[in-house]
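Okay, structure first, notes after.
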Amino acid sequence: MAEKKLWGGRFEAGLEKWVEEFGASISFDQKMAEFDIKGSLAHVTMLGETGIIPQKEADTIKKGLEELLVAYQSGELTFDVSNEDIHMNIESLLTEKIGSVAGKLHTARSRNDQVATDMHLYLKAKLGEVLEKLAHLRSVLLALAEEHVETIMPGYTHLQHAQPISFGHHLMAYYNMFTRDSERFTFNLKHTDLSPLGAAALAGTTFPIDRQRTSDLMGFAAPYSNSLDAVSDRDFILEFLANSSILMMHMSRICEEIISWCSQEFRFVTLSDTFSTGSSIMPQKKNPDMAELIRGKSGRVYGNLFGLLTVMKSLPLAYNKDLQEDKEGMFDTAETITVAIDILAGMLTSMTVHKEHMAASTEKDFSNATELADYLASKGLPFRQAHEIVGKLVLECSKAGHYLQDIPLARYKEVSDLIDADIYETLSSKTAVERRHSLGGTGFDQVSWQIKQAKQDL
Ligand code: ARG
């Protein structure tokens, strides 16, 4: 039989060890130790100020908690699975330190509002970190885009050469995705920046607590307005997991492109050695493992979202022990995305872009077919007819083994007298990109305009 529990009063028998281990969360919720102590510090400060417990006792508890915080930070605290979770471990360590007065700390509080408070504090801190890292990633993309406004690459649809574009334009598309991610995490902060403390078990308390004070002390924007919601809401975590899933999807997309770009077939970029690995058997290999891992890790991040959605589905109000399953996925996602953002930023900063090769790969293809059709349409031919004519020319070229720019002017004249010698200039990739002045298009002026806007926002 195990030792006496903090909640042991109404029990005659203790838990068996293996059952106790099944119910315990200390192996993972110890990640919130600092936040748990900080929450307790706010709570006891308020208990003393409101006279709910004598100020002297509040001071003793505070001092004990502060010492525990220092001990934790210097790695001196050890936790015990028989104390189940971080909350009871801290309370029991406090009792060892200051004696039975520690038992007054839990006045007007439950582990239900306590654990929710810890999670809000943890995620609020993590969101700040994520936003900072995303701002860095965005600035890396912006700098790279600025460097490559006039770098020509093939633009794809269906992974087939479609129309030539500016590499800077391509990068700015990702910049926009990560900007939206930042906006989503910023909104997420609004729902995270609330204090559940004082909701107690579910119904509030008869003690004259000051929830606004504890909320202020912990730096939250406001206390939750409904005690049931305060202890049972995990939307702020779900939002984080959903936002992280979208972020990972974006990172996975750019990583997939990087992986293709550094293959022999593309040869658009070379990753730095720092972000590549070799093979244990094939001496020539230089693999984009880090990009592949980011792509792969999107799986666990999506999984964490679905895990928690499933935990939450059908949960009656208010607290249920199922909610203890909210933590590992959140920690794992937070740790995964923060490092993945850094890796991606590092990979982009240090990779070499082979711009000549990128541009050259638009020379031997039909990605200028739209230019020829647009040329005819701009001279008054209905676009449908122009499309048909160019389609036939593409077929003719494919059979002859050359490209639109290789067709002699005489042949063009046979096809349509609307075509003049300036067609060759029109067909060049650079002209094709440069002339796309429509708002948000790949024209150099438009890409520079996007970059200018983005710089102002960042
Ligand atoms: N370890 C628990 C959790 O993470 C803390 C709250 C326990 N509350 C309870 N009534 N059993 O959810």
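Letters A, B, ... mark the chains of the structure tokens in the order given; residue numbers begin at 1 per chain; ligand numbers begin at 1, in order shown.
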Original post:
Among range 219-375 of chain A, which ones does DSSP place in helix (DSSP H, G or I), written as a ChimeraX atom specification?
Top reply: /A:227-232,235-261,273-275,289-312,321-350,355-360,369-375
Within 6 Å of ligand 1, which residues of chain A come that close, and what is the closest atom pair and distance in Å for each? Count only C-alpha atoms and all ligand atoms and give it as JSON lines.
{"residue": "A:Ser25", "atom": "CA", "partner": "ligand 1", "partner_atom_place_in_ligand_line": "1 (N)", "distance": 5.5}
{"residue": "A:Asp85", "atom": "CA", "partner": "ligand 1", "partner_atom_place_in_ligand_line": "1 (N)", "distance": 5.0}
{"residue": "A:Arg111", "atom": "CA", "partner": "ligand 1", "partner_atom_place_in_ligand_line": "6 (C)", "distance": 4.7}
{"residue": "A:Asn112", "atom": "CA", "partner": "ligand 1", "partner_atom_place_in_ligand_line": "6 (C)", "distance": 4.8}
{"residue": "A:Val115", "atom": "CA", "partner": "ligand 1", "partner_atom_place_in_ligand_line": "5 (C)", "distance": 5.4}
{"residue": "A:Lys321", "atom": "CA", "partner": "ligand 1", "partner_atom_place_in_ligand_line": "12 (O)", "distance": 5.7}
{"residue": "A:Leu323", "atom": "CA", "partner": "ligand 1", "partner_atom_place_in_ligand_line": "12 (O)", "distance": 5.1}
{"residue": "A:Gln324", "atom": "CA", "partner": "ligand 1", "partner_atom_place_in_ligand_line": "12 (O)", "distance": 3.6}
**OP:** Excluding Trp449 in chain A and any residue of its chain fewer than 3 positions from it, enumerate the residues within 12 Å of it, using only C-alpha atoms, and give them as a list in words.
**Re:** Ala145, Glu146, Val149, Gly168, His169, Met172, His437, Ser438, Leu439, Gly440, Gly441, Thr442, Gly443, Phe444, Asp445, Gln446, Lys452, Gln453, Ala454, Lys455 and Gln456 of chain A
The selected residues should be written to file as a compact mmCIF listing (two decimals), in the first residue's frame (atoms: all heavy atoms).
# COMPACT_ATOMS: atom_id res chain seq x y z
N ALA A 145 14.08 36.87 -51.09
CA ALA A 145 13.22 37.31 -52.19
C ALA A 145 13.79 38.59 -52.81
O ALA A 145 13.81 38.75 -54.03
CB ALA A 145 11.80 37.55 -51.68
N GLU A 146 14.27 39.46 -51.95
CA GLU A 146 14.81 40.74 -52.43
C GLU A 146 16.03 40.49 -53.32
O GLU A 146 16.22 41.15 -54.34
CB GLU A 146 15.19 41.60 -51.22
CG GLU A 146 15.34 43.05 -51.59
CD GLU A 146 15.36 43.96 -50.36
OE1 GLU A 146 15.69 43.46 -49.25
OE2 GLU A 146 15.06 45.14 -50.51
N VAL A 149 14.65 39.01 -56.98
CA VAL A 149 13.52 39.58 -57.72
C VAL A 149 13.65 39.24 -59.20
O VAL A 149 12.69 38.87 -59.86
CB VAL A 149 13.47 41.12 -57.52
CG1 VAL A 149 12.43 41.74 -58.45
CG2 VAL A 149 13.17 41.47 -56.07
N GLY A 168 11.95 35.32 -56.63
CA GLY A 168 11.53 36.18 -55.52
C GLY A 168 10.02 36.12 -55.32
O GLY A 168 9.54 36.11 -54.18
N HIS A 169 9.29 36.04 -56.40
CA HIS A 169 7.82 35.95 -56.35
C HIS A 169 7.41 34.65 -55.65
O HIS A 169 6.52 34.63 -54.80
CB HIS A 169 7.30 35.98 -57.78
CG HIS A 169 5.81 36.19 -57.89
ND1 HIS A 169 5.16 37.23 -57.30
CD2 HIS A 169 4.86 35.47 -58.56
CE1 HIS A 169 3.87 37.15 -57.59
NE2 HIS A 169 3.66 36.09 -58.34
N MET A 172 7.99 34.92 -52.03
CA MET A 172 7.03 35.79 -51.38
C MET A 172 5.68 35.10 -51.14
O MET A 172 4.94 35.47 -50.23
CB MET A 172 6.83 37.09 -52.18
CG MET A 172 7.99 38.07 -52.05
SD MET A 172 8.44 38.46 -50.33
CE MET A 172 7.06 39.49 -49.86
N HIS A 437 2.75 42.87 -65.28
CA HIS A 437 2.58 43.99 -64.37
C HIS A 437 1.28 43.96 -63.59
O HIS A 437 1.05 44.84 -62.76
CB HIS A 437 2.61 45.31 -65.16
CG HIS A 437 3.90 45.55 -65.89
ND1 HIS A 437 5.11 45.64 -65.24
CD2 HIS A 437 4.16 45.71 -67.22
CE1 HIS A 437 6.07 45.85 -66.15
NE2 HIS A 437 5.52 45.89 -67.35
N SER A 438 0.41 43.00 -63.87
CA SER A 438 -0.89 43.02 -63.17
C SER A 438 -0.66 42.91 -61.67
O SER A 438 0.31 42.27 -61.21
CB SER A 438 -1.75 41.85 -63.65
OG SER A 438 -1.08 40.63 -63.41
N LEU A 439 -1.53 43.52 -60.91
CA LEU A 439 -1.34 43.59 -59.45
C LEU A 439 -1.10 42.21 -58.86
O LEU A 439 -1.90 41.29 -59.08
CB LEU A 439 -2.55 44.26 -58.80
CG LEU A 439 -2.36 44.69 -57.36
CD1 LEU A 439 -3.12 45.98 -57.09
CD2 LEU A 439 -2.77 43.63 -56.35
N GLY A 440 -0.01 42.06 -58.13
CA GLY A 440 0.29 40.77 -57.50
C GLY A 440 0.88 39.76 -58.47
O GLY A 440 1.10 38.60 -58.09
N GLY A 441 1.15 40.16 -59.70
CA GLY A 441 1.74 39.26 -60.68
C GLY A 441 3.25 39.12 -60.45
O GLY A 441 3.81 39.70 -59.52
N THR A 442 3.89 38.37 -61.34
CA THR A 442 5.31 38.07 -61.14
C THR A 442 6.25 39.13 -61.76
O THR A 442 7.46 39.01 -61.66
CB THR A 442 5.64 36.65 -61.65
OG1 THR A 442 6.95 36.28 -61.19
CG2 THR A 442 5.62 36.60 -63.18
N GLY A 443 5.66 40.17 -62.39
CA GLY A 443 6.50 41.25 -62.94
C GLY A 443 7.44 41.79 -61.86
O GLY A 443 7.07 41.87 -60.69
N PHE A 444 8.66 42.14 -62.29
CA PHE A 444 9.67 42.58 -61.31
C PHE A 444 9.14 43.73 -60.44
O PHE A 444 9.38 43.78 -59.24
CB PHE A 444 10.96 43.03 -62.01
CG PHE A 444 11.60 41.95 -62.85
CD1 PHE A 444 12.34 42.28 -63.98
CD2 PHE A 444 11.47 40.61 -62.50
CE1 PHE A 444 12.94 41.30 -64.76
CE2 PHE A 444 12.07 39.60 -63.27
CZ PHE A 444 12.79 39.95 -64.41
N ASP A 445 8.41 44.66 -61.09
CA ASP A 445 7.87 45.80 -60.33
C ASP A 445 6.88 45.34 -59.27
O ASP A 445 6.85 45.86 -58.16
CB ASP A 445 7.21 46.81 -61.29
CG ASP A 445 6.04 46.19 -62.07
OD1 ASP A 445 6.03 44.95 -62.26
OD2 ASP A 445 5.14 46.95 -62.47
N GLN A 446 6.09 44.32 -59.61
CA GLN A 446 5.09 43.82 -58.66
C GLN A 446 5.76 43.09 -57.49
O GLN A 446 5.34 43.21 -56.35
CB GLN A 446 4.11 42.87 -59.36
CG GLN A 446 3.19 43.58 -60.33
CD GLN A 446 2.39 44.68 -59.66
OE1 GLN A 446 1.79 44.48 -58.60
NE2 GLN A 446 2.40 45.86 -60.26
N LYS A 452 8.27 45.59 -50.64
CA LYS A 452 8.22 46.87 -49.94
C LYS A 452 7.09 46.86 -48.90
O LYS A 452 7.28 47.25 -47.75
CB LYS A 452 7.99 47.98 -50.98
CG LYS A 452 8.46 49.34 -50.49
CD LYS A 452 8.38 50.37 -51.61
CE LYS A 452 7.79 51.66 -51.04
NZ LYS A 452 6.98 52.40 -51.99
N GLN A 453 5.92 46.37 -49.33
CA GLN A 453 4.79 46.27 -48.40
C GLN A 453 5.14 45.41 -47.20
O GLN A 453 4.89 45.75 -46.05
CB GLN A 453 3.59 45.59 -49.10
CG GLN A 453 3.00 46.35 -50.25
CD GLN A 453 2.15 47.50 -49.76
OE1 GLN A 453 1.35 47.34 -48.87
NE2 GLN A 453 2.40 48.66 -50.31
N ALA A 454 5.74 44.24 -47.50
CA ALA A 454 6.06 43.28 -46.45
C ALA A 454 7.04 43.87 -45.45
O ALA A 454 6.92 43.67 -44.24
CB ALA A 454 6.63 42.02 -47.07
N LYS A 455 8.00 44.63 -45.96
CA LYS A 455 8.99 45.24 -45.08
C LYS A 455 8.33 46.20 -44.11
O LYS A 455 8.73 46.29 -42.94
CB LYS A 455 10.03 45.99 -45.91
CG LYS A 455 11.17 45.10 -46.36
CD LYS A 455 12.22 45.95 -47.01
CE LYS A 455 13.48 45.18 -47.27
NZ LYS A 455 14.39 45.96 -48.13
N GLN A 456 7.33 46.93 -44.61
CA GLN A 456 6.63 47.88 -43.74
C GLN A 456 5.88 47.12 -42.63
O GLN A 456 5.89 47.53 -41.47
CB GLN A 456 5.64 48.71 -44.55
CG GLN A 456 6.31 49.91 -45.19
CD GLN A 456 5.46 50.55 -46.29
OE1 GLN A 456 4.25 50.33 -46.34
NE2 GLN A 456 6.08 51.32 -47.16
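Among the candidates A:Gly103, A:Gly401, A:Gly346, A:Pro382, the residue lying nearest to Leu141 in chain A is A:Gly346 (atoms considered: only C-alpha atoms).
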Subject >> Non-local contacts of range 305-317 of chain A (7 Å; only C-alpha atoms; under 2 positions in same chain excluded) as a PyMOL selection string >> reply: chain A and resi 228+232+238+241-242+301-303+319+322+326
Once you have the residues from the selection above, write them out as a compact mmCIF listing (two decimals), in the first residue's frame, restricted to all heavy atoms.
# COMPACT_ATOMS: atom_id res chain seq x y z
N LEU A 228 -17.07 27.39 -14.99
CA LEU A 228 -17.13 26.08 -15.65
C LEU A 228 -16.28 26.08 -16.92
O LEU A 228 -15.53 25.14 -17.19
CB LEU A 228 -18.58 25.73 -16.03
CG LEU A 228 -19.55 25.48 -14.91
CD1 LEU A 228 -20.98 25.37 -15.47
CD2 LEU A 228 -19.20 24.19 -14.17
N SER A 232 -12.76 23.88 -17.94
CA SER A 232 -12.94 22.82 -18.95
C SER A 232 -12.57 23.25 -20.36
O SER A 232 -12.60 22.43 -21.27
CB SER A 232 -14.39 22.32 -18.94
OG SER A 232 -15.27 23.37 -19.26
N LEU A 238 -6.35 23.70 -28.59
CA LEU A 238 -6.78 23.20 -29.92
C LEU A 238 -6.41 24.20 -31.01
O LEU A 238 -5.97 23.81 -32.09
CB LEU A 238 -8.29 22.94 -29.93
CG LEU A 238 -8.74 21.69 -29.18
CD1 LEU A 238 -10.25 21.66 -29.04
CD2 LEU A 238 -8.26 20.43 -29.90
N LEU A 241 -2.83 23.86 -31.69
CA LEU A 241 -2.50 22.65 -32.45
C LEU A 241 -2.96 22.77 -33.89
O LEU A 241 -2.29 22.30 -34.82
CB LEU A 241 -3.14 21.42 -31.78
CG LEU A 241 -2.68 21.14 -30.34
CD1 LEU A 241 -3.44 19.94 -29.77
CD2 LEU A 241 -1.18 20.88 -30.28
N ALA A 242 -4.10 23.43 -34.11
CA ALA A 242 -4.61 23.63 -35.48
C ALA A 242 -3.70 24.61 -36.22
O ALA A 242 -3.30 24.36 -37.37
CB ALA A 242 -6.04 24.14 -35.44
N VAL A 301 2.43 16.45 -35.71
CA VAL A 301 1.72 17.68 -35.32
C VAL A 301 0.23 17.55 -35.66
O VAL A 301 -0.64 17.89 -34.85
CB VAL A 301 2.38 18.92 -35.95
CG1 VAL A 301 1.57 20.17 -35.71
CG2 VAL A 301 3.80 19.10 -35.40
N TYR A 302 -0.07 17.03 -36.84
CA TYR A 302 -1.49 16.78 -37.18
C TYR A 302 -2.08 15.77 -36.18
O TYR A 302 -3.21 15.89 -35.75
CB TYR A 302 -1.67 16.17 -38.58
CG TYR A 302 -1.24 17.00 -39.77
CD1 TYR A 302 -0.69 18.26 -39.64
CD2 TYR A 302 -1.41 16.50 -41.05
CE1 TYR A 302 -0.30 19.00 -40.75
CE2 TYR A 302 -1.04 17.23 -42.17
CZ TYR A 302 -0.47 18.47 -42.01
OH TYR A 302 -0.09 19.18 -43.12
N GLY A 303 -1.29 14.76 -35.86
CA GLY A 303 -1.75 13.71 -34.94
C GLY A 303 -2.12 14.29 -33.59
O GLY A 303 -3.14 13.93 -32.99
N TYR A 319 -14.54 19.55 -15.26
CA TYR A 319 -13.28 18.80 -15.37
C TYR A 319 -13.53 17.30 -15.41
O TYR A 319 -14.35 16.75 -14.67
CB TYR A 319 -12.33 19.12 -14.19
CG TYR A 319 -11.02 18.35 -14.30
CD1 TYR A 319 -9.98 18.86 -15.07
CD2 TYR A 319 -10.86 17.10 -13.70
CE1 TYR A 319 -8.80 18.14 -15.23
CE2 TYR A 319 -9.68 16.38 -13.85
CZ TYR A 319 -8.65 16.91 -14.61
OH TYR A 319 -7.48 16.20 -14.77
N ASP A 322 -9.89 12.88 -18.30
CA ASP A 322 -9.48 12.80 -19.71
C ASP A 322 -8.59 14.00 -20.06
O ASP A 322 -7.71 13.91 -20.92
CB ASP A 322 -10.67 12.86 -20.67
CG ASP A 322 -11.83 11.96 -20.30
OD1 ASP A 322 -12.18 11.91 -19.10
OD2 ASP A 322 -12.39 11.34 -21.21
N ASP A 326 -4.28 16.31 -22.40
CA ASP A 326 -4.11 17.51 -23.25
C ASP A 326 -2.66 17.96 -23.34
O ASP A 326 -2.32 18.80 -24.17
CB ASP A 326 -4.97 18.68 -22.71
CG ASP A 326 -4.59 19.08 -21.28
OD1 ASP A 326 -3.70 18.44 -20.68
OD2 ASP A 326 -5.19 20.03 -20.76
Subject >> Who sits within 8 Å of range 30-46 of chain A, only C-alpha atoms, same chain under 2 positions skipped, as a ChimeraX atom specification >> reply: /A:26-28,48-50,58-59,61-62,65-66,68-69,72,85-87,90,105,114-115,117-119,121-122,197,209-210,213-214,217-218
Subject >> Contact residues around Asp420 in chain A with only C-alpha atoms at 10 Å, ignoring same-chain residues under 6 positions, as a list of chain:residue names >> reply: A:Leu409, A:Ala410, A:Tyr412, A:Lys413
Original post:
Which residues, written as a list in words, have at least one atom at most 9 Å from Leu137 in chain A, with only C-alpha atoms counted and residues fewer than 6 positions away on the same chain left out?
Top reply: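 Listing them by chain and then by number gives Tyr175, Phe178, Ile341, Asp342, Leu344, Ala345, Gly346 and Leu348 of chain A.
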Subject >> Nearest candidate to Thr333 in chain A (options A:Arg300, A:Arg184, A:His402, A:Lys364; using only C-alpha atoms) >> reply: A:Arg300
**OP:** Between CA of Glu12 in chain A and CA of Asn83 in chain A, measure the distance and give it in Å to one decimal.
**Re:**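 We find that CA of Glu12 in chain A and CA of Asn83 in chain A lie 17.5 Å from each other.
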**OP:** Can you list, as an MDAnalysis selection string, all residues belonging to range 237-411 of chain A that DSSP tags as strand (DSSP E or B)?
**Re:** chainID A and resid 269:270 277 287 352:353
Original post:
Can you tell me how far CA of Gly278 in chain A sits from CA of Glu257 in chain A, in Å to one decimal?
Top reply: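 Taking CA of Gly278 in chain A as the start and CA of Glu257 in chain A as the end point, the length is 19.9 Å.
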**OP:** Would you work out the distance separating CA of Phe167 in chain A from CA of Glu150 in chain A, expressed in Å to one decimal?
**Re:**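 Those two atoms sit 7.4 Å apart.
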Subject >> Nearest residue to Asp193 in chain A from the set A:Glu16, A:Glu292, A:Glu132, A:Asp216 (distances using only C-alpha atoms) >> reply: A:Asp216
